[in-house]
>>> print(open('final-v5.csv').read())   # CSV, C-alpha atoms
chain,number,residue,atom,x,y,z
T,1,MET,CA,-25.7,4.9,-6.5
T,2,LEU,CA,-23.2,6.4,-8.9
T,3,THR,CA,-23.7,10.1,-9.4
T,4,ILE,CA,-21.6,11.2,-12.4
T,5,HIS,CA,-21.3,14.2,-14.8
T,6,SER,CA,-22.6,13.7,-18.3
T,7,ARG,CA,-19.2,14.8,-19.8
T,8,LEU,CA,-17.5,11.9,-18.0
T,9,ILE,CA,-20.1,9.5,-19.4
T,10,ASN,CA,-19.6,10.9,-22.9
T,11,ALA,CA,-15.8,10.6,-22.6
T,12,MET,CA,-16.0,7.0,-21.5
T,13,ILE,CA,-18.3,6.1,-24.4
T,14,THR,CA,-16.2,7.9,-27.0
T,15,GLN,CA,-13.1,6.2,-25.8
T,16,ALA,CA,-14.8,2.8,-25.8
T,17,LEU,CA,-16.2,3.3,-29.3
T,18,ASN,CA,-12.8,4.4,-30.6
T,19,ASP,CA,-11.0,1.4,-29.1
T,20,HIS,CA,-13.7,-1.1,-30.3
T,21,PRO,CA,-13.1,-4.1,-31.0
T,22,ILE,CA,-10.4,-3.9,-28.4
T,23,GLU,CA,-11.6,-3.5,-24.8
T,24,THR,CA,-11.1,0.0,-23.5
T,25,CYS,CA,-10.3,0.7,-19.8
T,26,GLY,CA,-9.6,3.6,-17.5
T,27,VAL,CA,-10.2,5.1,-14.1
T,28,ILE,CA,-11.9,8.2,-12.8
T,29,ALA,CA,-10.3,9.7,-9.7
T,30,GLY,CA,-11.9,11.8,-7.1
T,31,PRO,CA,-11.2,13.1,-3.7
T,32,ALA,CA,-10.8,10.2,-1.2
T,33,GLY,CA,-14.0,9.5,0.6
T,34,SER,CA,-16.0,11.9,-1.6
T,35,ASN,CA,-17.7,9.3,-3.9
T,36,LEU,CA,-17.4,12.0,-6.6
T,37,PRO,CA,-15.7,11.1,-9.9
T,38,LEU,CA,-13.8,14.1,-11.3
T,39,ARG,CA,-10.6,13.3,-13.2
T,40,LEU,CA,-10.8,10.8,-16.0
T,41,ILE,CA,-7.6,8.9,-16.9
T,42,PRO,CA,-7.8,6.6,-20.0
T,43,MET,CA,-5.5,3.6,-19.3
T,44,ARG,CA,-3.6,1.5,-21.9
T,45,ASN,CA,-5.0,-2.0,-22.1
T,46,ALA,CA,-1.8,-4.0,-21.9
T,47,ALA,CA,-3.8,-7.1,-23.1
T,48,GLN,CA,-5.0,-5.5,-26.3
T,49,SER,CA,-7.7,-8.0,-26.4
T,50,ASP,CA,-11.4,-8.0,-27.4
T,51,ASN,CA,-12.3,-10.0,-24.3
T,52,PHE,CA,-9.8,-9.0,-21.7
T,53,PHE,CA,-8.2,-5.9,-20.3
T,54,GLN,CA,-5.4,-5.2,-17.9
T,55,PHE,CA,-4.2,-1.7,-17.0
T,56,ASP,CA,-0.6,-1.3,-18.2
T,57,PRO,CA,1.4,-1.9,-15.0
T,58,GLN,CA,3.9,0.9,-15.5
T,59,GLN,CA,1.1,3.4,-16.2
T,60,GLN,CA,-0.9,2.1,-13.2
T,61,LEU,CA,2.0,2.8,-10.9
T,62,GLN,CA,2.3,6.4,-12.1
T,63,VAL,CA,-1.5,7.0,-11.9
T,64,TRP,CA,-1.8,5.4,-8.4
T,65,ARG,CA,1.1,7.5,-7.1
T,66,GLU,CA,-0.5,10.6,-8.5
T,67,MET,CA,-3.8,9.8,-6.9
T,68,ASP,CA,-2.0,9.2,-3.6
T,69,ALA,CA,-0.2,12.5,-3.8
T,70,ARG,CA,-3.5,14.3,-4.6
T,71,CYS,CA,-5.4,12.5,-1.8
T,72,GLU,CA,-7.6,10.9,-4.4
T,73,GLU,CA,-8.9,7.4,-4.9
T,74,PRO,CA,-10.3,5.5,-7.9
T,75,ILE,CA,-14.0,6.4,-7.7
T,76,VAL,CA,-14.8,4.7,-11.0
T,77,ILE,CA,-13.0,1.8,-12.7
T,78,TYR,CA,-14.4,1.4,-16.2
T,79,HIS,CA,-14.0,-1.0,-19.1
T,80,SER,CA,-16.0,-2.0,-22.2
T,81,HIS,CA,-17.6,-5.2,-23.1
T,82,THR,CA,-17.2,-5.6,-26.9
T,83,ASP,CA,-19.4,-8.6,-27.4
T,84,SER,CA,-21.3,-9.4,-24.3
T,85,GLN,CA,-23.9,-7.8,-22.0
T,86,ALA,CA,-22.8,-5.0,-19.7
T,87,TYR,CA,-22.7,-7.3,-16.7
T,88,PRO,CA,-19.5,-8.3,-14.7
T,89,SER,CA,-17.9,-11.4,-16.1
T,90,HIS,CA,-16.3,-14.1,-14.0
T,91,THR,CA,-12.9,-12.5,-14.5
T,92,ASP,CA,-14.2,-9.1,-13.7
T,93,VAL,CA,-15.3,-10.4,-10.3
T,94,GLU,CA,-12.1,-12.4,-9.8
T,95,PHE,CA,-9.9,-9.3,-10.2
T,96,ALA,CA,-12.1,-6.7,-8.5
T,97,THR,CA,-9.9,-5.4,-5.7
T,98,GLU,CA,-11.3,-2.0,-4.9
T,99,PRO,CA,-14.4,-2.4,-2.8
T,100,GLN,CA,-15.1,1.3,-2.6
T,101,SER,CA,-15.0,1.8,-6.4
T,102,HIS,CA,-17.9,1.8,-8.9
T,103,TYR,CA,-17.2,-0.7,-11.6
T,104,VAL,CA,-18.7,0.7,-14.8
T,105,ILE,CA,-19.2,-1.3,-17.9
T,106,ILE,CA,-19.7,0.2,-21.3
T,107,PRO,CA,-21.2,-2.0,-24.0
T,108,THR,CA,-19.9,-1.3,-27.5
T,109,ASN,CA,-21.9,-4.0,-29.4
T,110,PHE,CA,-25.2,-2.3,-30.3
T,111,LEU,CA,-26.8,-5.8,-30.7
T,112,TYR,CA,-27.2,-5.7,-26.9
T,113,LYS,CA,-29.0,-2.3,-27.0
T,114,GLU,CA,-27.7,-1.5,-23.5
T,115,GLU,CA,-26.7,1.6,-21.6
T,116,ILE,CA,-23.7,2.0,-19.4
T,117,ARG,CA,-24.2,0.0,-16.1
T,118,SER,CA,-22.5,0.3,-12.7
T,119,PHE,CA,-21.7,-2.2,-10.0
T,120,ARG,CA,-20.1,-2.6,-6.7
T,121,ILE,CA,-18.1,-5.8,-6.4
T,122,VAL,CA,-17.3,-6.7,-2.8
T,123,ASP,CA,-16.1,-10.2,-1.7
T,124,ARG,CA,-17.0,-11.6,-5.1
T,125,MET,CA,-20.6,-10.3,-4.7
T,126,ILE,CA,-22.0,-8.2,-7.5
T,127,ILE,CA,-24.4,-5.4,-6.6
T,128,GLU,CA,-25.9,-3.4,-9.4
T,129,GLU,CA,-26.5,0.3,-8.6
T,130,ARG,CA,-28.4,3.1,-10.2
T,131,VAL,CA,-26.4,5.6,-12.4
T,132,ARG,CA,-27.6,9.2,-11.9
T,133,ILE,CA,-26.2,11.4,-14.7
T,134,VAL,CA,-26.0,15.1,-13.8
T,135,HIS,CA,-25.3,17.9,-16.1
T,136,GLN,CA,-23.4,20.0,-13.6
T,137,TYR,CA,-21.4,19.7,-10.4
T,138,GLN,CA,-20.8,22.6,-8.0
T,139,ALA,CA,-18.8,25.3,-9.9
T,140,GLU,CA,-15.5,24.8,-8.1
T,141,LEU,CA,-15.7,21.0,-8.6
T,142,GLU,CA,-16.6,21.4,-12.3
T,143,LEU,CA,-13.4,23.4,-12.7
T,144,GLN,CA,-11.4,20.4,-11.4
T,145,MET,CA,-13.1,18.0,-13.8
T,146,VAL,CA,-11.0,16.3,-16.5
T,147,ALA,CA,-13.1,14.6,-19.2
K,148,MET,CA,18.7,-2.4,4.7
K,149,SER,CA,15.6,-0.3,5.4
K,150,ILE,CA,12.8,-0.7,2.9
K,151,THR,CA,9.5,1.0,2.8
K,152,VAL,CA,6.6,-1.2,1.6
K,153,ILE,CA,3.4,0.4,0.3
K,154,ILE,CA,0.4,-1.8,0.9
K,155,PRO,CA,-2.7,-1.7,-1.3
K,156,THR,CA,-6.2,-1.2,0.2
K,157,ILE,CA,-7.2,-4.8,-0.3
K,158,LEU,CA,-4.3,-6.1,1.9
K,159,ARG,CA,-4.6,-3.6,4.6
K,160,PRO,CA,-6.8,-5.8,6.8
K,161,LEU,CA,-3.7,-7.9,7.1
K,162,THR,CA,-1.4,-5.1,8.2
K,163,ASN,CA,-3.6,-3.5,10.9
K,164,ASP,CA,-4.7,-1.0,8.3
K,165,GLN,CA,-1.2,0.3,7.8
K,166,LYS,CA,-0.5,1.7,4.4
K,167,ARG,CA,3.3,2.0,4.7
K,168,ILE,CA,5.4,-0.4,6.6
K,169,ASN,CA,9.1,-0.5,7.2
K,170,MET,CA,10.8,-3.8,6.5
K,171,SER,CA,14.3,-5.0,5.9
K,172,GLY,CA,15.9,-7.4,3.4
K,173,PHE,CA,18.5,-7.6,0.6
K,174,LYS,CA,16.0,-9.1,-1.9
K,175,VAL,CA,12.3,-8.7,-2.6
K,176,SER,CA,11.7,-12.3,-1.4
K,177,GLU,CA,13.4,-11.5,2.0
K,178,VAL,CA,11.2,-8.5,2.5
K,179,ILE,CA,8.1,-10.7,1.8
K,180,ASP,CA,9.3,-13.3,4.3
K,181,GLU,CA,9.8,-10.6,7.0
K,182,MET,CA,6.3,-9.3,6.2
K,183,GLU,CA,4.9,-12.8,6.6
K,184,GLN,CA,6.4,-13.0,10.1
K,185,GLN,CA,4.8,-9.8,11.2
K,186,PHE,CA,1.6,-10.2,9.2
K,187,PRO,CA,0.8,-13.9,8.8
K,188,GLY,CA,-1.1,-14.7,5.6
K,189,ILE,CA,0.2,-11.9,3.5
K,190,LYS,CA,2.8,-14.1,1.6
K,191,ALA,CA,0.1,-16.3,0.2
K,192,LYS,CA,-1.6,-13.3,-1.3
K,193,LEU,CA,1.6,-12.3,-3.1
K,194,ILE,CA,3.3,-15.4,-4.2
K,195,ALA,CA,2.4,-18.7,-5.7
K,196,GLY,CA,4.7,-21.4,-6.9
K,197,GLY,CA,7.8,-19.4,-6.2
K,198,ALA,CA,6.9,-16.3,-8.3
K,199,ALA,CA,4.7,-13.3,-7.7
K,200,HIS,CA,1.0,-13.9,-8.6
K,201,ARG,CA,0.4,-13.0,-12.2
K,202,PHE,CA,-2.1,-10.3,-11.2
K,203,ILE,CA,-0.1,-8.8,-8.4
K,204,ASN,CA,2.3,-6.1,-9.5
K,205,ILE,CA,5.4,-5.5,-7.4
K,206,TYR,CA,7.6,-2.6,-8.1
K,207,VAL,CA,11.0,-1.6,-6.7
K,208,ASN,CA,11.0,2.2,-6.9
K,209,ASP,CA,9.8,2.7,-10.5
K,210,ASN,CA,10.6,-0.8,-11.8
K,211,ASP,CA,8.2,-3.7,-12.2
K,212,ILE,CA,10.2,-6.7,-10.8
K,213,ARG,CA,9.0,-8.8,-13.7
K,214,PHE,CA,11.5,-6.9,-15.8
K,215,CYS,CA,14.2,-7.2,-13.2
K,216,ASP,CA,15.0,-10.4,-11.4
K,217,GLY,CA,11.5,-11.1,-10.1
K,218,LEU,CA,11.5,-12.0,-6.4
K,219,ALA,CA,15.3,-12.2,-6.4
K,220,THR,CA,15.5,-8.5,-7.4
K,221,SER,CA,18.1,-6.9,-5.1
K,222,LEU,CA,17.3,-3.9,-2.9
K,223,GLN,CA,19.2,-1.0,-1.6
K,224,ASP,CA,18.8,1.0,1.6
K,225,GLY,CA,15.9,3.4,1.3
K,226,ASP,CA,14.2,1.6,-1.6
K,227,VAL,CA,10.4,1.7,-1.9
K,228,LEU,CA,8.6,-1.5,-2.7
K,229,THR,CA,5.1,-0.9,-4.0
K,230,ILE,CA,2.5,-3.7,-4.2
K,231,LEU,CA,-0.5,-3.1,-6.5
K,232,PRO,CA,-3.1,-5.6,-7.5
K,233,ALA,CA,-3.4,-5.5,-11.3
K,234,VAL,CA,-6.6,-3.9,-12.5
K,235,ALA,CA,-7.9,-6.4,-15.0
K,236,GLY,CA,-11.0,-8.2,-16.1
K,237,GLY,CA,-12.8,-9.5,-19.2
>>> encode(input="final-v5.csv", output="structure tokens")
Amino acid sequence: MLTIHSRLINAMITQALNDHPIETCGVIAGPAGSNLPLRLIPMRNAAQSDNFFQFDPQQQLQVWREMDARCEEPIVIYHSHTDSQAYPSHTDVEFATEPQSHYVIIPTNFLYKEEIRSFRIVDRMIIEERVRIVHQYQAELELQMVA
Amino acid sequence: MSITVIIPTILRPLTNDQKRINMSGFKVSEVIDEMEQQFPGIKAKLIAGGAAHRFINIYVNDNDIRFCDGLATSLQDGDVLTILPAVAGG
């Protein structure tokens, strides 16, 4: 199950709608081993495509180093689907390399009338999980949140 | 020529769970060859057809080797070689 603050959900949706019809993407970092998403970092989609995304490699290096220095890990890796259902595509599965991350998909085509969905992708297996949206974290964690 | 290599989570099962390993070599390809000797199987995860896999990012310090000389990029003592699988999808 993914437990996540509503402000982070809103920030992902806003970014995805702003970027539509280009796929949006980003990461939410949190303390390693905590399973708690805190710090949202929008990433540049180097592909600038409506059916593909790739984190800009230079930005990815900076962000991954920063997470390492702060003892964080990518708790959530998110992207939008601009014209398909919010379910991992073949390429999503092929490139999923973080077994501990929640892979969140934001649908931006209202035809699909779908909500955000979250998945674990491990050894090419897709496991959907419940998204529990909370309106507050513990006070000291809420201060560390970036949304 | 001492080079520190930073290994991503997905490849750590091949490096006995080590995140940083010390290697030597004058070029990126030489470091990868030495890694293969110590951790068999790792080379195939990084290289295909004489070049880095399209969705594996390899950096020497701050520089993506795609914008240098690829696997022939030269190294200096103390350089850090970072391997990061690209985050991508559709």
>>> closest_residue(input="final-v5.csv", among="T:Asn109, T:Gln58, T:Thr97, T:Gln138", to="Ile212 in chain K", atoms="only C-alpha atoms")
T:Gln58
>>> residues_around(input="final-v5.csv", residues="Glu177 in chain K", least_positions_apart="5", cutoff="10 Å", atoms="all atoms listed in the file", output="list in words")
Met170, Ser171, Gly172, Met182, Glu183, Leu218, Ala219, Ser221 and Leu222 of chain K
>>> interface_residues(input="final-v5.csv", of="chain K", to="chain T", cutoff="10 Å", atoms="all atoms listed in the file", output="MDAnalysis selection string")
chainID K and resid 155:158 202:206 208:211 229:237
>>> atom_distance(input="final-v5.csv", atom1="CA of Met1 in chain T", atom2="CA of Ser101 in chain T")
11.1 Å
>>> atom_distance(input="final-v5.csv", atom1="CA of Gly217 in chain K", atom2="CA of Ser149 in chain K")
19.3 Å
>>> residues_around(input="final-v5.csv", residues="Ala191 in chain K", least_positions_apart="6", cutoff="10 Å", atoms="all atoms listed in the file", output="PyMOL selection string")
chain K and resi 179+183+199-200
>>> closest_residue(input="final-v5.csv", among="T:Ile126, T:Ile4, T:Met12, T:Ile41", to="Ile105 in chain T", atoms="all atoms listed in the file")
T:Met12
>>> closest_residue(input="final-v5.csv", among="T:Thr108, T:Ile22, T:Tyr137, T:Ile116", to="Leu36 in chain T", atoms="all atoms listed in the file")
T:Tyr137
>>> atom_distance(input="final-v5.csv", atom1="CA of Ala29 in chain T", atom2="CA of Val134 in chain T")
17.1 Å
>>> residues_near_point(input="final-v5.csv", point="(-19.5, 20.1, -8.4)", cutoff="12 Å", atoms="all atoms listed in the file", output="ChimeraX atom specification")
/T:3-5,30-31,34-38,134-145
>>> closest_residue(input="final-v5.csv", among="T:Val146, T:Val104, T:Ala11, T:Ile75", to="Arg130 in chain T", atoms="all atoms listed in the file")
T:Val104
>>> closest_residue(input="final-v5.csv", among="K:Asp216, K:Val207, K:Gln185, K:Asp224", to="Thr162 in chain K", atoms="all atoms listed in the file")
K:Gln185
>>> build_atoms(input="final-v5.csv", residues="range 53-72 of chain T", atoms="N, CA and C atoms", output="PDB file, in the coordinates of the input")
ATOM      1  N   PHE T  53      -8.983  -7.138 -20.405  1.00  0.00           N
ATOM      2  CA  PHE T  53      -8.200  -5.900 -20.300  1.00  0.00           C
ATOM      3  C   PHE T  53      -7.318  -6.022 -19.031  1.00  0.00           C
ATOM      4  N   GLN T  54      -6.209  -5.338 -19.099  1.00  0.00           N
ATOM      5  CA  GLN T  54      -5.400  -5.200 -17.900  1.00  0.00           C
ATOM      6  C   GLN T  54      -4.694  -3.818 -18.020  1.00  0.00           C
ATOM      7  N   PHE T  55      -4.833  -3.012 -16.961  1.00  0.00           N
ATOM      8  CA  PHE T  55      -4.200  -1.700 -17.000  1.00  0.00           C
ATOM      9  C   PHE T  55      -2.659  -1.965 -17.162  1.00  0.00           C
ATOM     10  N   ASP T  56      -2.040  -1.173 -18.034  1.00  0.00           N
ATOM     11  CA  ASP T  56      -0.600  -1.300 -18.200  1.00  0.00           C
ATOM     12  C   ASP T  56       0.080  -1.036 -16.855  1.00  0.00           C
ATOM     13  N   PRO T  57       0.887  -2.023 -16.378  1.00  0.00           N
ATOM     14  CA  PRO T  57       1.400  -1.900 -15.000  1.00  0.00           C
ATOM     15  C   PRO T  57       2.249  -0.688 -14.731  1.00  0.00           C
ATOM     16  N   GLN T  58       3.011  -0.249 -15.715  1.00  0.00           N
ATOM     17  CA  GLN T  58       3.900   0.900 -15.500  1.00  0.00           C
ATOM     18  C   GLN T  58       2.998   2.193 -15.371  1.00  0.00           C
ATOM     19  N   GLN T  59       1.993   2.285 -16.247  1.00  0.00           N
ATOM     20  CA  GLN T  59       1.100   3.400 -16.200  1.00  0.00           C
ATOM     21  C   GLN T  59       0.293   3.405 -14.868  1.00  0.00           C
ATOM     22  N   GLN T  60      -0.105   2.204 -14.468  1.00  0.00           N
ATOM     23  CA  GLN T  60      -0.900   2.100 -13.200  1.00  0.00           C
ATOM     24  C   GLN T  60      -0.085   2.612 -12.029  1.00  0.00           C
ATOM     25  N   LEU T  61       1.208   2.278 -11.988  1.00  0.00           N
ATOM     26  CA  LEU T  61       2.000   2.800 -10.900  1.00  0.00           C
ATOM     27  C   LEU T  61       2.038   4.293 -10.851  1.00  0.00           C
ATOM     28  N   GLN T  62       2.248   4.902 -12.020  1.00  0.00           N
ATOM     29  CA  GLN T  62       2.300   6.400 -12.100  1.00  0.00           C
ATOM     30  C   GLN T  62       0.949   6.977 -11.640  1.00  0.00           C
ATOM     31  N   VAL T  63      -0.145   6.412 -12.172  1.00  0.00           N
ATOM     32  CA  VAL T  63      -1.500   7.000 -11.900  1.00  0.00           C
ATOM     33  C   VAL T  63      -1.833   6.794 -10.423  1.00  0.00           C
ATOM     34  N   TRP T  64      -1.513   5.636  -9.859  1.00  0.00           N
ATOM     35  CA  TRP T  64      -1.800   5.400  -8.400  1.00  0.00           C
ATOM     36  C   TRP T  64      -1.020   6.293  -7.523  1.00  0.00           C
ATOM     37  N   ARG T  65       0.244   6.543  -7.905  1.00  0.00           N
ATOM     38  CA  ARG T  65       1.100   7.500  -7.100  1.00  0.00           C
ATOM     39  C   ARG T  65       0.514   8.880  -7.166  1.00  0.00           C
ATOM     40  N   GLU T  66       0.077   9.244  -8.375  1.00  0.00           N
ATOM     41  CA  GLU T  66      -0.500  10.600  -8.500  1.00  0.00           C
ATOM     42  C   GLU T  66      -1.735  10.757  -7.702  1.00  0.00           C
ATOM     43  N   MET T  67      -2.590   9.731  -7.714  1.00  0.00           N
ATOM     44  CA  MET T  67      -3.800   9.800  -6.900  1.00  0.00           C
ATOM     45  C   MET T  67      -3.447   9.932  -5.425  1.00  0.00           C
ATOM     46  N   ASP T  68      -2.450   9.159  -5.014  1.00  0.00           N
ATOM     47  CA  ASP T  68      -2.000   9.200  -3.600  1.00  0.00           C
ATOM     48  C   ASP T  68      -1.543  10.587  -3.246  1.00  0.00           C
ATOM     49  N   ALA T  69      -0.733  11.195  -4.115  1.00  0.00           N
ATOM     50  CA  ALA T  69      -0.200  12.500  -3.800  1.00  0.00           C
ATOM     51  C   ALA T  69      -1.285  13.573  -3.768  1.00  0.00           C
ATOM     52  N   ARG T  70      -2.366  13.351  -4.520  1.00  0.00           N
ATOM     53  CA  ARG T  70      -3.500  14.300  -4.600  1.00  0.00           C
ATOM     54  C   ARG T  70      -4.590  13.976  -3.581  1.00  0.00           C
ATOM     55  N   CYS T  71      -4.347  12.987  -2.721  1.00  0.00           N
ATOM     56  CA  CYS T  71      -5.400  12.500  -1.800  1.00  0.00           C
ATOM     57  C   CYS T  71      -6.658  12.106  -2.524  1.00  0.00           C
ATOM     58  N   GLU T  72      -6.462  11.372  -3.605  1.00  0.00           N
ATOM     59  CA  GLU T  72      -7.600  10.900  -4.400  1.00  0.00           C
ATOM     60  C   GLU T  72      -7.671   9.361  -4.287  1.00  0.00           C
TER      61      GLU T  72
END
